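**Student:** I have a structure I would like to understand better, so I am pasting it below and will then ask my questions one at a time.
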Amino acid sequence: MKLLRLRAGKERSLLRRHPWVFESAIAKGGGDAGETVRIESDDGRFLAWAAFSPHSKIRARAWSFDEAQRIDAGFFAARVAAAVAARALFDLPSDGQRLVHGEADGLPGLIVDRYGDTLVAQFLSAGVERWRDALADALLAATGLAKLYERSDASGREREGLKPRTGWLRGDGPTALSIQEHGWRLGLDIATGHKTGFYLDQRDSRRRFAELAERRRFRRVLNCFCYTGGFTVAALAGLRAADALAGAEVVSIDSSLPALAQARANLALNGFEGATAEFLDADVNATLRRFVDEGRRFDAIVLDPPKFAPTVAHAERAARAYKDINRQAFKLLEPGGHLLTFSCSGGIGADLFHKIVAGAGLDAGVDGFIAERLGAAPDHPMTIEFPEGEYLKGLLVVRK
Ligand code: SAH
């Protein structure tokens with residue numbers, strides 16, 4: 001059995017059950033990629049069983065803090081079954097669900113989404129890579145499904161020294177699928193889409209946006225970074241419920257052509273052909289500036305940009321980028337208008353994001369009520385032991 005000995009004082013985070021051990025905390029020891037190691041404190045006390053990652057700054061990720069726990073196929077079957085069972089607690093209004101959310105489900109580096117009868121997994125750490133077969137079997141057993149597609153092509157794999165890998169891991173079938181979210185039909189492609197194919201984490205905020213559209217009867221809506229048009233469908237669904245589709249205009253912007261094609265298809269799938277929906281294949285920053293110059297105004301704007309700051313090291317530059325788009329958005333907002341603004345950067349905390357948005361409003365000369373704080377849907381949980389799980393944060397600001 002391989003051993004990892006920590007430096008004096010470096011046991012504190014493991015004692016708080018935080019699962020990460022950084023390179024700098026290690027005095028000696030190690031193992032092969034993904035191998036289970038026993039982690040001990042400087043004075044030889046057992047701390048955790050963990051997966052060793054020889055190439056990553058996060059040099060080990062804890063599987064268990066219980067000395068009696070064996071890390072074997074049975075352990076992974078139990079963890080996967082618990083994660084799948086936990087989703088039943090959330091009453092999710094969709095057959096697109098995140099079943100395994102990494103550290104929060106005790107499986108650091110593993111992401112699994114379910115789209116109807118198809119599972120999509122990302123193996124993003126040396127530990128889950130080593131147990132890939134056992135995890136695949138456990139996923140099929142826990143869900144009763146037969147199809148599992150692998151999308152291990154996220155950038156996090158490089159940091160672990162792992163090469164990208166995609167394709168069917170169990171069973172096979174079409175990669176163009178659709179889910180039912182809040183009763184809307186949304187098409188996606190698990191082979192070519194972003195991440196596992198769809199941004200399930202914004203489910204609750206899409207619902208909220210539909211409610212606001214219905215209640216406030218938005219006339220002009222701007223959906224920035226629209227991807228496959230989730231917030232666009234939400235706005236139109238809300239307007240239809242209020243019988244207010246006629247005369248409404250929804251502009252959606254993204255720089256990905258395949259995403260825009262899927263967005264158009266998603267409108268057709270939901271029967272909004274009659275609505276005025278415009279899709280722009282363009283850079284959001286440049287388009288916002290142009291709209292400001294043209295004197296355009298919107299009564300609802302969604303800003304859901306990609307991750308500008310993957311880690312705290314990128315936070316400062318990312319903060320400027322967030323502030324910039326939010327400032328332009330404030331300038332485009334009608335009095336009484338609604339801004340839904342998000343950051344999915346792990347490196348930007350909720351307080352900092354709040355400050356950035358406040359600074360953007362100040363620069364734009366616009367005051368607003370921070371009406372709500374928004375976050376990831378409950379199948380993307382954060383836990384007490386792993387606060388880094390709070391990556392997605394949003395604010396609903398209503399302009400004064
Ligand atoms: N709101 C979406 C998810 C957005 S993901 C949903 O609910 O599904 C971020 C999107 O931003 C991606 O689709 C990406 O293609 C797009 N993007 C990234 N940089 C961009 C830029 N500079 N201009 C326009 N779109 C951009």
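In the structure tokens, chains take letters A, B, ... by order of appearance, with residues numbered from 1 within each chain and ligands from 1 in the order shown.
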Could you pull out the alpha helix (DSSP H) residues of range 120-158 of chain A from DSSP and send them as a ChimeraX atom specification?

**Tutor:** /A:126-130,132-143,156-158

**Student:** With only C-alpha atoms and all ligand atoms counted and 10 Å as the cut-off, give the residues of chain A in contact with ligand 1, each with its shortest interatomic distance in Å and the pair that gives it, as a tab-separated table.

**Tutor:**
```
residue	atom	partner	partner_atom_place_in_ligand_line	distance
A:Gly193	CA	ligand 1	13 (O)	9.1
A:His194	CA	ligand 1	13 (O)	7.5
A:Lys195	CA	ligand 1	5 (S)	9.7
A:Gly197	CA	ligand 1	8 (O)	9.4
A:Phe198	CA	ligand 1	8 (O)	6.2
A:Tyr199	CA	ligand 1	8 (O)	4.7
A:Leu200	CA	ligand 1	8 (O)	7.4
A:Asp201	CA	ligand 1	7 (O)	8.2
A:Gln202	CA	ligand 1	7 (O)	5.6
A:Arg203	CA	ligand 1	7 (O)	7.5
A:Ser205	CA	ligand 1	7 (O)	8.5
A:Arg206	CA	ligand 1	7 (O)	7.0
A:Asn223	CA	ligand 1	1 (N)	7.7
A:Cys224	CA	ligand 1	24 (C)	7.0
A:Phe225	CA	ligand 1	11 (O)	3.9
A:Cys226	CA	ligand 1	1 (N)	4.6
A:Tyr227	CA	ligand 1	13 (O)	3.4
A:Thr228	CA	ligand 1	8 (O)	5.7
A:Gly229	CA	ligand 1	8 (O)	6.2
A:Gly230	CA	ligand 1	7 (O)	4.6
A:Phe231	CA	ligand 1	7 (O)	5.6
A:Thr232	CA	ligand 1	7 (O)	8.5
A:Val233	CA	ligand 1	7 (O)	9.6
A:Ala234	CA	ligand 1	7 (O)	9.5
A:Ser252	CA	ligand 1	24 (C)	9.6
A:Ile253	CA	ligand 1	24 (C)	6.0
A:Asp254	CA	ligand 1	25 (N)	3.6
A:Ser255	CA	ligand 1	25 (N)	4.0
A:Ser256	CA	ligand 1	15 (O)	4.6
A:Leu257	CA	ligand 1	15 (O)	8.2
A:Pro258	CA	ligand 1	15 (O)	9.0
A:Ala259	CA	ligand 1	13 (O)	6.3
A:Leu260	CA	ligand 1	13 (O)	8.4
A:Ala263	CA	ligand 1	8 (O)	9.4
A:Leu280	CA	ligand 1	24 (C)	8.9
A:Asp281	CA	ligand 1	24 (C)	7.4
A:Ala282	CA	ligand 1	24 (C)	5.6
A:Asp283	CA	ligand 1	23 (N)	3.5
A:Val284	CA	ligand 1	23 (N)	4.0
A:Asn285	CA	ligand 1	22 (N)	6.2
A:Ala286	CA	ligand 1	23 (N)	8.2
A:Thr287	CA	ligand 1	23 (N)	8.5
A:Leu288	CA	ligand 1	23 (N)	9.9
A:Val302	CA	ligand 1	1 (N)	7.8
A:Leu303	CA	ligand 1	1 (N)	7.6
A:Asp304	CA	ligand 1	1 (N)	5.0
A:Pro305	CA	ligand 1	9 (C)	4.8
A:Pro306	CA	ligand 1	9 (C)	4.2
A:Lys307	CA	ligand 1	9 (C)	7.8
A:Phe308	CA	ligand 1	19 (N)	9.2
A:Phe342	CA	ligand 1	1 (N)	9.1
A:Cys344	CA	ligand 1	5 (S)	9.1
```

**Student:** For Ala83 in chain A, which of A:Ala138, A:Val251, A:Ile58, A:Ala33 is the closest residue, counting only C-alpha atoms?

**Tutor:**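 For Ala83 in chain A, the nearest of the candidates is A:Ala138.
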
**Student:** Find the residues near Asp72 in chain A: any atom within 10 Å, counting only C-alpha atoms, skip ones fewer than 4 places away on the same chain, and give them as number ranges by chain.

**Tutor:** A: 36, 76-77, 131, 134

**Student:** Hey, can you spit out that residue selection with all heavy atoms as an mmCIF file, in the first residue's frame?

**Tutor:**
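File written: part-v7.cif
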```cif
data_model
loop_
_atom_site.group_PDB
_atom_site.id
_atom_site.type_symbol
_atom_site.label_atom_id
_atom_site.label_comp_id
_atom_site.auth_asym_id
_atom_site.auth_seq_id
_atom_site.Cartn_x
_atom_site.Cartn_y
_atom_site.Cartn_z
ATOM 1 N N THR A 36 -4.773 4.440 -5.292
ATOM 2 C CA THR A 36 -5.239 4.804 -3.944
ATOM 3 C C THR A 36 -4.041 4.870 -3.003
ATOM 4 O O THR A 36 -3.233 3.935 -2.936
ATOM 5 C CB THR A 36 -6.252 3.779 -3.414
ATOM 6 O OG1 THR A 36 -7.351 3.720 -4.334
ATOM 7 C CG2 THR A 36 -6.775 4.182 -2.038
ATOM 8 N N PHE A 76 -17.348 2.265 -5.105
ATOM 9 C CA PHE A 76 -17.835 3.162 -6.159
ATOM 10 C C PHE A 76 -19.303 2.905 -6.480
ATOM 11 O O PHE A 76 -20.069 3.842 -6.749
ATOM 12 C CB PHE A 76 -16.942 3.071 -7.399
ATOM 13 C CG PHE A 76 -15.603 3.671 -7.136
ATOM 14 C CD1 PHE A 76 -14.490 2.873 -6.883
ATOM 15 C CD2 PHE A 76 -15.458 5.049 -7.056
ATOM 16 C CE1 PHE A 76 -13.260 3.445 -6.583
ATOM 17 C CE2 PHE A 76 -14.238 5.629 -6.757
ATOM 18 C CZ PHE A 76 -13.131 4.814 -6.525
ATOM 19 N N ALA A 77 -19.705 1.634 -6.415
ATOM 20 C CA ALA A 77 -21.121 1.319 -6.659
ATOM 21 C C ALA A 77 -21.998 2.010 -5.607
ATOM 22 O O ALA A 77 -23.046 2.578 -5.930
ATOM 23 C CB ALA A 77 -21.330 -0.195 -6.625
ATOM 24 N N TRP A 131 -10.683 4.223 -12.249
ATOM 25 C CA TRP A 131 -11.843 3.411 -11.880
ATOM 26 C C TRP A 131 -12.972 3.516 -12.903
ATOM 27 O O TRP A 131 -14.128 3.221 -12.593
ATOM 28 C CB TRP A 131 -12.335 3.823 -10.489
ATOM 29 C CG TRP A 131 -11.391 3.432 -9.400
ATOM 30 C CD1 TRP A 131 -10.447 4.212 -8.829
ATOM 31 C CD2 TRP A 131 -11.292 2.145 -8.780
ATOM 32 N NE1 TRP A 131 -9.754 3.503 -7.876
ATOM 33 C CE2 TRP A 131 -10.260 2.229 -7.831
ATOM 34 C CE3 TRP A 131 -11.967 0.925 -8.938
ATOM 35 C CZ2 TRP A 131 -9.873 1.151 -7.043
ATOM 36 C CZ3 TRP A 131 -11.607 -0.143 -8.149
ATOM 37 C CH2 TRP A 131 -10.562 -0.030 -7.218
ATOM 38 N N ALA A 134 -15.332 0.398 -13.477
ATOM 39 C CA ALA A 134 -16.196 0.129 -12.321
ATOM 40 C C ALA A 134 -17.277 1.203 -12.220
ATOM 41 O O ALA A 134 -18.437 0.905 -11.902
ATOM 42 C CB ALA A 134 -15.357 0.109 -11.046
#
```

**Student:** Which of these residues is nearest to Ala126 in chain A, using only C-alpha atoms: A:Glu23, A:Asp379, A:Asp324, A:Glu158?

**Tutor:**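 Closest residue, counting only C-alpha atoms: A:Glu158.
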
**Student:** Can you pull out every residue from range 90-309 of chain A that DSSP, working from the backbone, puts in strand (DSSP E), and format the result as number ranges by chain?

**Tutor:** A: 96-101, 110-115, 118-123, 147-152, 165-170, 176-181, 184-189, 220-224, 249-254, 276-281, 298-303
